[in-house]
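Data block below; observations after.
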Amino acid sequence: MEKPGAAHGGGKRWLPRLLLLAAMSWLLMVYFHLAVFRTPPVSAPHASLVAVPLDGEDGQRFRLRQEEQLKKIGSASGGALPAAAAELRPRGGGDASCRGRYVYIHDLPPRFNADILGNCHNWYPWHNMCGYLENGGLGEPVDNADGVFGDQGWYATDHFGLDIIFHRRIKQYDCLTDDSSRAAVVFVPFYAGFDIVQHLWGVNSTAREKDALSLDLVDWLTRRPEWRAMGGRDHFFLSGRTAYDHQRQTDSDSEWGNKLLHLPAVQNMTVLFVEKLPWTSFDFAIPYPTYFHPGKDAQILEWQQRMRAMKREWLFSFAGGARNDPYSIRHHLIRQCGSSSFCKLVQCRKNERNCLIPSTFMRVFQGTRFCLQPTGDTMTRRSAFDAIMAGCVPVFFHPDSAYTQYRWHLPEAHETYSVLIPEADVRAGNVSIEETLRRIPPDVAERMTETVIGLIPRLVYADPRSRLETLKDAVDVTVDAIIEKVNKLREEMVGGRGHLQQQQTGGGGAQQS
């Protein structure tokens, strides 16, 4: 028979142990919280391991990529791995460097993106575009038999293929979050460019069919809680085509494009194109994709060094074809270039296959100091960015070909990286392109070339299957600019100066070509 109070005495002996266990448990919880959710950024030269495989990456490649990172970390620390190298940072972790920079990506129903890709063989009646979707939208590797390109990172990329390239690339952005309440901005992965291209050629789509998916998207977005936070003003999406393909004025079935840009909800968002409208303030232009998609910093730095060492034998060059449009200045450029011993002309005639081979004109650009960049079918040309990749200073003939377009990616001091010759002077025969360019002192031309080569990192779209270590590519520059823009809107809304709908700066207008 137990003595009275025995159980009570045993409880007193266990009480200190229980308190100790409770304290240890509390400390472990605090440690876990700090270690997982408040891990400070790893200071240079250390780097973090990749915690999960990338899209489409098999286990072997994932393991090799981790081993490569471990080698980098080990060599940077004199062979000893820092303790932080053993930690795997969770997606959307608590790095101080990401504070105020988080991006939330909407998980759209597949009808807005993946299903559109499944129809790639029908986008154009004359060509199957499915091959251009290979390698995350970069296309097939270019033929580099003649050594014009680098050994890695060069692909036959469609110049209107940015819908998928941007989407795949932003999924590698270093500050993603699955919690929309933490996000600075919200990305909407709607393939607007690929959607409209399904309705432009050979299918006799009605105006209602052209607009259907855009209206469906707006209905889906505006029902979401993320939309209500700022009325969509923190949302952004893009079309890899020009804005003119999305600003149909009437409901005529025969009129080009859709009415995407006329939807009020769309005007609340930030919309990205390779060419924006001159009279609106809610859309922004980002660079055309080129053939260069580096997977590592070293590929960019090596290419820049190679372009610096190029011998530029030609003062100027022009690669392109004439236009039937009598207002075009291209026939003037072809005539002036063809008659000058200082100019290299690559004239592209209809059905001439040579001009479809990237190395044809990239080789010329690499050997030229100034590359003529007149307007294309619209005001801008992908060729201007190809020229910059080759270290060739672009010569523009209209401000809307670059200066009013790519304000986030190109210097505000236009004269540091380009030349502007007014097209009216060329059309009137009042200017000699050769004489204009020869008047530029050699040392000034060299500095312009160096500035152009220095722009390469911020104009490329890095391989979406990799991640650059320190350099910012076109997607990084774009996201930074959008976050800054949205933050200013937030400040205005807090101060009572913001309006739910962003205002356009002017009225409509006809498409320019």
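Ligands are numbered from 1 in the order shown, chains are lettered A, B, ... in the order of the structure tokens, and residues start at 1 in each chain.
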
Q: Write out as a PyMOL selection string each polymer residue whose atoms come within 7 Å of range 413-421 of chain A, counting only C-alpha atoms; drop sequence neighbours fewer than 3 positions from it.
A: chain A and resi 393-397+448+451-452

Just to be explicit: take each residue in the selection above, keep N, CA and C atoms, and write the result as a short mmCIF file (atom, residue, chain, number, x, y, z; two decimals), in the first residue's frame.
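In the end it all went to selection_32.cif:
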data_model
loop_
_atom_site.label_atom_id
_atom_site.label_comp_id
_atom_site.auth_asym_id
_atom_site.auth_seq_id
_atom_site.Cartn_x
_atom_site.Cartn_y
_atom_site.Cartn_z
N VAL A 393 27.35 49.28 -83.46
CA VAL A 393 26.58 50.45 -83.02
C VAL A 393 25.38 50.64 -83.94
N PRO A 394 24.15 50.62 -83.40
CA PRO A 394 22.98 50.78 -84.27
C PRO A 394 22.79 52.22 -84.73
N VAL A 395 22.39 52.35 -86.00
CA VAL A 395 22.05 53.66 -86.57
C VAL A 395 20.55 53.66 -86.82
N PHE A 396 19.82 54.48 -86.07
CA PHE A 396 18.37 54.55 -86.20
C PHE A 396 17.98 55.74 -87.06
N PHE A 397 16.75 55.67 -87.58
CA PHE A 397 16.26 56.74 -88.44
C PHE A 397 14.94 57.31 -87.93
N MET A 448 31.67 54.23 -78.19
CA MET A 448 30.30 53.79 -78.48
C MET A 448 30.25 52.26 -78.61
N THR A 451 30.36 50.79 -75.19
CA THR A 451 29.07 50.94 -74.51
C THR A 451 28.09 49.89 -75.00
N VAL A 452 28.04 49.67 -76.32
CA VAL A 452 27.15 48.67 -76.90
C VAL A 452 27.47 47.28 -76.36
#

Q. Which neighbours of Ala184 in chain A fall inside 8 Å, counting only C-alpha atoms, when residues of the same chain fewer than 5 positions from it are skipped, and could you give them as a list in words?
A. Gly100, Arg101, Tyr102, Val103, Tyr104, Asp234, Ile483, Val486 and Asn487 of chain A

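Look at range 372-382 of chain A: the protein and nucleic acid residues within 7 Å of it, using only C-alpha atoms and passing over chain neighbours fewer than 5 places away, are His159, Glu275, Tyr288, Ser317, Phe318, Arg330, Pro394, Val395, Phe396, Phe397, Asp400, Ser401, Ala402, Gln512 and Ser513 of chain A.
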
Include N, CA and C atoms and write out the residues we just selected as a JSON list (two decimals), in the first residue's frame.
[["chain", "number", "residue", "atom", "x", "y", "z"],
["A", 159, "HIS", "N", 11.71, 35.45, -83.39],
["A", 159, "HIS", "CA", 11.71, 36.80, -82.81],
["A", 159, "HIS", "C", 10.37, 37.16, -82.17],
["A", 275, "GLU", "N", 7.17, 45.76, -78.97],
["A", 275, "GLU", "CA", 6.98, 47.13, -79.46],
["A", 275, "GLU", "C", 5.69, 47.67, -78.89],
["A", 288, "TYR", "N", 13.47, 42.46, -78.15],
["A", 288, "TYR", "CA", 13.24, 41.24, -78.91],
["A", 288, "TYR", "C", 14.21, 40.16, -78.44],
["A", 317, "SER", "N", 27.06, 48.94, -92.42],
["A", 317, "SER", "CA", 26.47, 47.84, -93.18],
["A", 317, "SER", "C", 24.95, 47.94, -93.10],
["A", 318, "PHE", "N", 24.30, 47.28, -94.06],
["A", 318, "PHE", "CA", 22.85, 47.13, -94.02],
["A", 318, "PHE", "C", 22.49, 45.72, -94.44],
["A", 330, "ARG", "N", 14.13, 52.31, -97.18],
["A", 330, "ARG", "CA", 15.06, 51.20, -97.37],
["A", 330, "ARG", "C", 15.75, 51.22, -98.73],
["A", 394, "PRO", "N", 24.15, 50.62, -83.40],
["A", 394, "PRO", "CA", 22.98, 50.78, -84.27],
["A", 394, "PRO", "C", 22.79, 52.22, -84.73],
["A", 395, "VAL", "N", 22.39, 52.35, -86.00],
["A", 395, "VAL", "CA", 22.05, 53.66, -86.57],
["A", 395, "VAL", "C", 20.55, 53.66, -86.82],
["A", 396, "PHE", "N", 19.82, 54.48, -86.07],
["A", 396, "PHE", "CA", 18.37, 54.55, -86.20],
["A", 396, "PHE", "C", 17.98, 55.74, -87.06],
["A", 397, "PHE", "N", 16.75, 55.67, -87.58],
["A", 397, "PHE", "CA", 16.26, 56.74, -88.44],
["A", 397, "PHE", "C", 14.94, 57.31, -87.93],
["A", 400, "ASP", "N", 11.14, 56.34, -82.56],
["A", 400, "ASP", "CA", 10.26, 55.25, -82.13],
["A", 400, "ASP", "C", 10.84, 53.87, -82.43],
["A", 401, "SER", "N", 11.98, 53.81, -83.08],
["A", 401, "SER", "CA", 12.62, 52.52, -83.32],
["A", 401, "SER", "C", 13.36, 52.01, -82.09],
["A", 402, "ALA", "N", 13.63, 52.90, -81.13],
["A", 402, "ALA", "CA", 14.34, 52.47, -79.92],
["A", 402, "ALA", "C", 14.13, 53.43, -78.75],
["A", 512, "GLN", "N", 1.55, 52.23, -87.58],
["A", 512, "GLN", "CA", 2.67, 52.71, -88.38],
["A", 512, "GLN", "C", 3.43, 51.52, -88.92],
["A", 513, "SER", "N", 4.02, 51.68, -90.06],
["A", 513, "SER", "CA", 4.77, 50.56, -90.66],
["A", 513, "SER", "C", 6.05, 51.07, -91.28]]

With a cut-off of 12 Å, could you pull out the residues of range 154-195 of chain A touching range 121-126 of chain A and give me the nearest pair of atoms for each, distance in Å to one decimal, using only C-alpha atoms, ordered by chain and ascending number, as CSV?
residue,atom,partner,partner_atom,distance
A:Gly193,CA,A:Trp123,CA,10.8
A:Phe194,CA,A:Trp123,CA,7.9
A:Asp195,CA,A:Trp123,CA,9.0

Q | Contact residues around Trp154 in chain A with only C-alpha atoms at 10 Å, ignoring same-chain residues under 2 positions, as a PyMOL selection string | A | chain A and resi 138-144+149-152+156-157+290-294+463

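CA of Pro464 in chain A is found 21.6 Å from CA of Pro109 in chain A.
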
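For range 290-420 of chain A, backbone-based DSSP labels the following residues as strand (DSSP E): Trp314, Leu315, Phe316, Ser317, Phe318, Ala319, Gly320, Cys343, Lys344, Leu345, Val346, Gln347, Thr368, Arg369, Phe370, Cys371, Leu372, Gln373, Val393, Pro394, Val395, Phe396, Val419 and Leu420 of chain A.
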
**Q.** Which of A:His409, A:Arg312, A:Arg438, A:His106 sits closest to Ala474 in chain A [using only C-alpha atoms]
**A.** A:His409

Give me, as a tab-separated table (two decimals) with N, CA and C atoms, in the first residue's frame, all polymer residues having an atom no more than 10 Å from Glu469 in chain A, counting only C-alpha atoms and skipping those fewer than 6 positions away in the same chain.
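Result written to out_29.tsv:
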chain	number	residue	atom	x	y	z
A	47	ALA	N	27.51	30.71	-52.24
A	47	ALA	CA	26.25	30.63	-52.98
A	47	ALA	C	25.40	29.55	-52.36
A	295	GLY	N	23.65	30.47	-70.41
A	295	GLY	CA	23.26	29.77	-69.20
A	295	GLY	C	24.14	30.11	-68.01
A	296	LYS	N	25.27	30.77	-68.28
A	296	LYS	CA	26.21	31.13	-67.21
A	296	LYS	C	26.80	32.51	-67.47
A	297	ASP	N	27.21	33.17	-66.40
A	297	ASP	CA	27.89	34.47	-66.54
A	297	ASP	C	29.08	34.37	-67.48
A	298	ALA	N	29.84	33.28	-67.36
A	298	ALA	CA	31.07	33.14	-68.13
A	298	ALA	C	30.81	33.19	-69.63

**Q.** Test item: residues at most 7 Å from Pro289 in chain A, only C-alpha atoms, excluding those fewer than 3 positions along its chain, as a PyMOL selection string
**A.** chain A and resi 159+162+460-461

Would you mind exporting N, CA and C atoms of the selected residues as a PDB file, in the first residue's frame?
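Saved as result.pdb:
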ATOM      1  N   HIS A 159      11.705  35.446 -83.386  1.00  0.00           N
ATOM      2  CA  HIS A 159      11.708  36.796 -82.807  1.00  0.00           C
ATOM      3  C   HIS A 159      10.374  37.164 -82.171  1.00  0.00           C
ATOM      4  N   LEU A 162       8.545  35.309 -77.436  1.00  0.00           N
ATOM      5  CA  LEU A 162       8.849  35.711 -76.065  1.00  0.00           C
ATOM      6  C   LEU A 162       7.819  35.225 -75.040  1.00  0.00           C
ATOM      7  N   VAL A 460      19.922  40.264 -73.157  1.00  0.00           N
ATOM      8  CA  VAL A 460      19.736  38.849 -73.473  1.00  0.00           C
ATOM      9  C   VAL A 460      18.686  38.244 -72.553  1.00  0.00           C
ATOM     10  N   TYR A 461      18.048  37.193 -73.037  1.00  0.00           N
ATOM     11  CA  TYR A 461      17.172  36.374 -72.202  1.00  0.00           C
ATOM     12  C   TYR A 461      17.935  35.095 -71.889  1.00  0.00           C
TER      13      TYR A 461
END

(Q) Give me, as a PyMOL selection string, all polymer residues having an atom no more than 10 Å from range 257-269 of chain A, counting only C-alpha atoms and skipping those fewer than 4 positions away in the same chain. (A) chain A and resi 186+188+192+195-197+199-200+206-215+217-219+221-222+227+230-237+243-251+253+277+280-283+486+499-504

Writer output for current selection, N, CA and C atoms, as a compact mmCIF listing (two decimals), in the first residue's frame:
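The resulting file, result-v7.txt, is shown below:
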# COMPACT_ATOMS: atom_id res chain seq x y z
N VAL A 186 2.50 40.63 -59.40
CA VAL A 186 1.88 39.36 -59.77
C VAL A 186 2.04 39.16 -61.28
N VAL A 188 1.14 37.20 -64.72
CA VAL A 188 0.05 36.43 -65.33
C VAL A 188 0.60 35.75 -66.58
N ALA A 192 -0.47 35.72 -74.71
CA ALA A 192 -1.31 36.61 -75.52
C ALA A 192 -0.87 36.65 -76.98
N ASP A 195 -1.73 33.40 -78.66
CA ASP A 195 -3.19 33.31 -78.82
C ASP A 195 -3.64 34.03 -80.07
N ILE A 196 -3.23 35.28 -80.25
CA ILE A 196 -3.73 36.04 -81.39
C ILE A 196 -3.18 35.51 -82.70
N VAL A 197 -1.98 34.95 -82.70
CA VAL A 197 -1.40 34.48 -83.96
C VAL A 197 -2.20 33.31 -84.52
N HIS A 199 -5.24 33.33 -84.97
CA HIS A 199 -6.42 33.87 -85.65
C HIS A 199 -6.08 34.85 -86.77
N LEU A 200 -4.82 34.97 -87.11
CA LEU A 200 -4.44 36.04 -88.05
C LEU A 200 -4.32 35.59 -89.49
N THR A 206 -13.60 35.10 -86.63
CA THR A 206 -14.44 36.27 -86.41
C THR A 206 -13.83 37.15 -85.34
N ALA A 207 -14.31 38.38 -85.24
CA ALA A 207 -13.83 39.28 -84.20
C ALA A 207 -14.10 38.68 -82.82
N ARG A 208 -15.24 38.03 -82.65
CA ARG A 208 -15.57 37.42 -81.37
C ARG A 208 -14.58 36.31 -81.02
N GLU A 209 -14.18 35.52 -82.00
CA GLU A 209 -13.21 34.44 -81.76
C GLU A 209 -11.84 35.00 -81.41
N LYS A 210 -11.46 36.09 -82.05
CA LYS A 210 -10.17 36.71 -81.75
C LYS A 210 -10.12 37.26 -80.32
N ASP A 211 -11.27 37.73 -79.83
CA ASP A 211 -11.31 38.35 -78.50
C ASP A 211 -11.63 37.37 -77.38
N ALA A 212 -12.06 36.17 -77.71
CA ALA A 212 -12.65 35.27 -76.72
C ALA A 212 -11.74 34.98 -75.54
N LEU A 213 -10.50 34.59 -75.80
CA LEU A 213 -9.62 34.18 -74.70
C LEU A 213 -9.19 35.38 -73.85
N SER A 214 -9.04 36.54 -74.46
CA SER A 214 -8.71 37.75 -73.68
C SER A 214 -9.83 38.09 -72.71
N LEU A 215 -11.08 38.00 -73.19
CA LEU A 215 -12.23 38.27 -72.32
C LEU A 215 -12.33 37.22 -71.23
N LEU A 217 -9.82 35.60 -69.91
CA LEU A 217 -8.77 35.88 -68.94
C LEU A 217 -9.19 36.98 -67.97
N VAL A 218 -9.73 38.06 -68.49
CA VAL A 218 -10.17 39.16 -67.63
C VAL A 218 -11.22 38.69 -66.64
N ASP A 219 -12.14 37.87 -67.10
CA ASP A 219 -13.18 37.34 -66.20
C ASP A 219 -12.54 36.49 -65.10
N LEU A 221 -9.34 36.61 -63.95
CA LEU A 221 -8.49 37.41 -63.07
C LEU A 221 -9.29 38.25 -62.09
N THR A 222 -10.32 38.92 -62.58
CA THR A 222 -11.05 39.87 -61.74
C THR A 222 -11.88 39.18 -60.65
N TRP A 227 -6.54 40.11 -57.32
CA TRP A 227 -6.92 41.28 -58.11
C TRP A 227 -7.44 42.40 -57.22
N MET A 230 -5.17 45.57 -55.46
CA MET A 230 -4.88 46.86 -56.10
C MET A 230 -5.66 47.06 -57.40
N GLY A 231 -6.73 46.32 -57.55
CA GLY A 231 -7.50 46.44 -58.79
C GLY A 231 -6.71 46.01 -60.00
N GLY A 232 -5.73 45.12 -59.80
CA GLY A 232 -4.93 44.63 -60.92
C GLY A 232 -3.72 45.47 -61.26
N ARG A 233 -3.52 46.55 -60.55
CA ARG A 233 -2.41 47.45 -60.91
C ARG A 233 -1.05 46.88 -60.54
N ASP A 234 -1.02 45.81 -59.77
CA ASP A 234 0.25 45.13 -59.48
C ASP A 234 0.44 43.89 -60.34
N HIS A 235 -0.44 43.69 -61.33
CA HIS A 235 -0.35 42.54 -62.24
C HIS A 235 0.39 42.94 -63.52
N PHE A 236 1.07 41.97 -64.11
CA PHE A 236 1.67 42.21 -65.42
C PHE A 236 1.67 40.94 -66.24
N PHE A 237 1.62 41.11 -67.57
CA PHE A 237 1.71 39.98 -68.50
C PHE A 237 2.32 40.51 -69.79
N ALA A 243 2.37 45.65 -80.06
CA ALA A 243 1.08 46.09 -79.51
C ALA A 243 0.02 46.27 -80.59
N TYR A 244 0.46 46.52 -81.82
CA TYR A 244 -0.50 46.75 -82.91
C TYR A 244 -1.37 45.53 -83.19
N ASP A 245 -0.89 44.35 -82.80
CA ASP A 245 -1.68 43.13 -83.01
C ASP A 245 -2.82 43.01 -82.00
N HIS A 246 -2.88 43.94 -81.03
CA HIS A 246 -3.86 43.83 -79.94
C HIS A 246 -4.68 45.10 -79.76
N GLN A 247 -4.80 45.92 -80.80
CA GLN A 247 -5.55 47.18 -80.61
C GLN A 247 -6.53 47.41 -81.76
N ARG A 248 -7.27 46.34 -82.10
CA ARG A 248 -8.30 46.46 -83.14
C ARG A 248 -9.32 47.52 -82.74
N GLN A 249 -9.71 48.34 -83.69
CA GLN A 249 -10.56 49.49 -83.40
C GLN A 249 -12.05 49.20 -83.52
N THR A 250 -12.42 48.25 -84.37
CA THR A 250 -13.84 47.99 -84.62
C THR A 250 -14.14 46.51 -84.37
N ASP A 251 -15.40 46.13 -84.59
CA ASP A 251 -15.81 44.73 -84.46
C ASP A 251 -15.91 44.04 -85.81
N ASP A 253 -14.94 41.64 -88.66
CA ASP A 253 -14.21 40.38 -88.70
C ASP A 253 -12.94 40.47 -89.54
N LEU A 277 2.73 50.81 -77.98
CA LEU A 277 2.03 51.90 -78.65
C LEU A 277 2.64 53.22 -78.22
N THR A 280 0.23 55.35 -75.32
CA THR A 280 -0.31 54.79 -74.09
C THR A 280 0.77 54.71 -73.02
N SER A 281 0.31 54.63 -71.76
CA SER A 281 1.26 54.64 -70.64
C SER A 281 1.25 53.34 -69.83
N PHE A 282 0.35 52.41 -70.15
CA PHE A 282 0.29 51.17 -69.37
C PHE A 282 1.04 50.03 -70.05
N ASP A 283 1.51 50.23 -71.28
CA ASP A 283 2.29 49.20 -71.96
C ASP A 283 3.73 49.65 -72.09
N VAL A 486 5.21 49.77 -59.69
CA VAL A 486 4.08 49.41 -58.83
C VAL A 486 4.22 50.03 -57.45
N HIS A 499 -5.52 56.51 -59.00
CA HIS A 499 -6.81 56.20 -59.59
C HIS A 499 -6.82 54.72 -59.92
N LEU A 500 -7.96 54.09 -59.81
CA LEU A 500 -8.03 52.66 -60.02
C LEU A 500 -7.57 52.29 -61.42
N GLN A 501 -7.93 53.11 -62.37
CA GLN A 501 -7.55 52.80 -63.75
C GLN A 501 -6.45 53.75 -64.20
N GLN A 502 -5.39 53.18 -64.77
CA GLN A 502 -4.32 54.02 -65.27
C GLN A 502 -4.83 54.79 -66.48
N GLN A 503 -4.31 56.01 -66.62
CA GLN A 503 -4.79 56.87 -67.68
C GLN A 503 -3.89 56.76 -68.91
N GLN A 504 -4.53 56.77 -70.06
CA GLN A 504 -3.77 56.80 -71.30
C GLN A 504 -3.33 58.24 -71.57

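Considering only C-alpha atoms, the residue among A:Ile453, A:Val426, A:Ile300, A:Leu315 positioned nearest to Phe342 in chain A is A:Leu315.
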
Q: Check the DSSP output for the backbone and give back, as JSON, numbers by chain, the residues of range 156-403 of chain A in helix (DSSP H, G or I).
A: {"A": [162, 163, 164, 165, 166, 167, 168, 169, 170, 180, 181, 182, 192, 193, 194, 195, 196, 197, 207, 208, 209, 210, 211, 212, 213, 214, 215, 216, 217, 218, 219, 220, 221, 222, 225, 226, 227, 228, 229, 230, 243, 244, 245, 246, 260, 261, 262, 264, 265, 266, 267, 268, 297, 298, 299, 300, 301, 302, 303, 304, 305, 306, 307, 308, 330, 331, 332, 333, 334, 335, 336, 337, 338, 353, 354, 355, 356, 358, 359, 360, 361, 362, 363, 364, 365, 366, 383, 384, 385, 386, 387, 388, 389, 399, 400, 401]}

Keeping C-alpha atoms, export the residues of the selection given above as a JSON list (two decimals), in the first residue's frame.
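Result went into selection-v1.json, see below:
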[["chain", "number", "residue", "atom", "x", "y", "z"],
["A", 162, "LEU", "CA", 8.85, 35.71, -76.06],
["A", 163, "ASP", "CA", 5.60, 34.42, -74.53],
["A", 164, "ILE", "CA", 7.11, 31.08, -73.55],
["A", 165, "ILE", "CA", 10.70, 32.32, -73.12],
["A", 166, "PHE", "CA", 9.72, 34.96, -70.56],
["A", 167, "HIS", "CA", 7.42, 32.56, -68.70],
["A", 168, "ARG", "CA", 10.07, 29.83, -68.44],
["A", 169, "ARG", "CA", 12.75, 32.34, -67.50],
["A", 170, "ILE", "CA", 10.75, 34.11, -64.75],
["A", 180, "SER", "CA", 0.49, 36.31, -52.95],
["A", 181, "SER", "CA", 0.19, 38.55, -49.86],
["A", 182, "ARG", "CA", 4.01, 38.80, -49.78],
["A", 192, "ALA", "CA", -1.31, 36.61, -75.52],
["A", 193, "GLY", "CA", 0.95, 36.67, -78.57],
["A", 194, "PHE", "CA", 0.57, 32.99, -79.34],
["A", 195, "ASP", "CA", -3.19, 33.31, -78.82],
["A", 196, "ILE", "CA", -3.73, 36.04, -81.39],
["A", 197, "VAL", "CA", -1.40, 34.48, -83.96],
["A", 207, "ALA", "CA", -13.83, 39.28, -84.20],
["A", 208, "ARG", "CA", -15.57, 37.42, -81.37],
["A", 209, "GLU", "CA", -13.21, 34.44, -81.76],
["A", 210, "LYS", "CA", -10.17, 36.71, -81.75],
["A", 211, "ASP", "CA", -11.31, 38.35, -78.50],
["A", 212, "ALA", "CA", -12.65, 35.27, -76.72],
["A", 213, "LEU", "CA", -9.62, 34.18, -74.70],
["A", 214, "SER", "CA", -8.71, 37.75, -73.68],
["A", 215, "LEU", "CA", -12.23, 38.27, -72.32],
["A", 216, "ASP", "CA", -12.06, 34.90, -70.60],
["A", 217, "LEU", "CA", -8.77, 35.88, -68.94],
["A", 218, "VAL", "CA", -10.17, 39.16, -67.63],
["A", 219, "ASP", "CA", -13.18, 37.34, -66.20],
["A", 220, "TRP", "CA", -10.89, 34.81, -64.48],
["A", 221, "LEU", "CA", -8.49, 37.41, -63.07],
["A", 222, "THR", "CA", -11.05, 39.87, -61.74],
["A", 225, "PRO", "CA", -8.57, 37.78, -54.43],
["A", 226, "GLU", "CA", -5.15, 38.87, -55.76],
["A", 227, "TRP", "CA", -6.92, 41.28, -58.11],
["A", 228, "ARG", "CA", -8.82, 43.03, -55.35],
["A", 229, "ALA", "CA", -5.62, 44.11, -53.56],
["A", 230, "MET", "CA", -4.88, 46.86, -56.10],
["A", 243, "ALA", "CA", 1.08, 46.09, -79.51],
["A", 244, "TYR", "CA", -0.50, 46.75, -82.91],
["A", 245, "ASP", "CA", -1.68, 43.13, -83.01],
["A", 246, "HIS", "CA", -3.86, 43.83, -79.94],
["A", 260, "LEU", "CA", -7.01, 43.17, -75.81],
["A", 261, "LEU", "CA", -5.64, 46.67, -75.19],
["A", 262, "HIS", "CA", -9.10, 48.23, -75.14],
["A", 264, "PRO", "CA", -10.43, 48.36, -69.04],
["A", 265, "ALA", "CA", -9.06, 45.61, -66.78],
["A", 266, "VAL", "CA", -6.06, 45.17, -69.09],
["A", 267, "GLN", "CA", -5.39, 48.91, -68.92],
["A", 268, "ASN", "CA", -5.05, 48.54, -65.15],
["A", 297, "ASP", "CA", 27.89, 34.47, -66.54],
["A", 298, "ALA", "CA", 31.07, 33.14, -68.13],
["A", 299, "GLN", "CA", 29.37, 32.69, -71.50],
["A", 300, "ILE", "CA", 28.42, 36.38, -71.55],
["A", 301, "LEU", "CA", 31.81, 37.63, -70.38],
["A", 302, "GLU", "CA", 33.65, 35.47, -72.89],
["A", 303, "TRP", "CA", 31.40, 36.68, -75.71],
["A", 304, "GLN", "CA", 31.93, 40.32, -74.74],
["A", 305, "GLN", "CA", 35.70, 39.83, -74.82],
["A", 306, "ARG", "CA", 35.44, 38.21, -78.22],
["A", 307, "MET", "CA", 33.43, 41.15, -79.59],
["A", 308, "ARG", "CA", 35.94, 43.63, -78.19],
["A", 330, "ARG", "CA", 15.06, 51.20, -97.37],
["A", 331, "HIS", "CA", 15.67, 51.64, -101.08],
["A", 332, "HIS", "CA", 17.65, 54.80, -100.22],
["A", 333, "LEU", "CA", 19.79, 52.83, -97.77],
["A", 334, "ILE", "CA", 20.36, 50.03, -100.26],
["A", 335, "ARG", "CA", 21.41, 52.54, -102.90],
["A", 336, "GLN", "CA", 23.75, 54.48, -100.57],
["A", 337, "CYS", "CA", 25.30, 51.35, -99.10],
["A", 338, "GLY", "CA", 25.71, 49.67, -102.47],
["A", 353, "ARG", "CA", 17.18, 31.52, -98.15],
["A", 354, "ASN", "CA", 20.58, 33.01, -97.35],
["A", 355, "CYS", "CA", 18.98, 35.74, -95.24],
["A", 356, "LEU", "CA", 17.17, 33.13, -93.14],
["A", 358, "PRO", "CA", 21.54, 33.71, -88.75],
["A", 359, "SER", "CA", 25.29, 33.46, -89.42],
["A", 360, "THR", "CA", 24.86, 35.34, -92.73],
["A", 361, "PHE", "CA", 24.22, 38.71, -91.14],
["A", 362, "MET", "CA", 25.78, 38.09, -87.72],
["A", 363, "ARG", "CA", 29.15, 37.64, -89.42],
["A", 364, "VAL", "CA", 28.67, 40.99, -91.18],
["A", 365, "PHE", "CA", 27.60, 42.75, -87.97],
["A", 366, "GLN", "CA", 30.71, 41.46, -86.18],
["A", 383, "SER", "CA", 17.93, 43.15, -86.11],
["A", 384, "ALA", "CA", 18.89, 46.10, -83.88],
["A", 385, "PHE", "CA", 19.39, 43.72, -80.96],
["A", 386, "ASP", "CA", 21.23, 41.19, -83.13],
["A", 387, "ALA", "CA", 23.60, 44.01, -84.09],
["A", 388, "ILE", "CA", 24.18, 44.92, -80.44],
["A", 389, "MET", "CA", 24.98, 41.27, -79.67],
["A", 399, "PRO", "CA", 13.10, 57.80, -82.35],
["A", 400, "ASP", "CA", 10.26, 55.25, -82.13],
["A", 401, "SER", "CA", 12.62, 52.52, -83.32]]

Q: Enter the distance from CA of Lys344 in chain A to CA of Gly147 in chain A, in Å, rounded to one decimal.
A: 20.0 Å
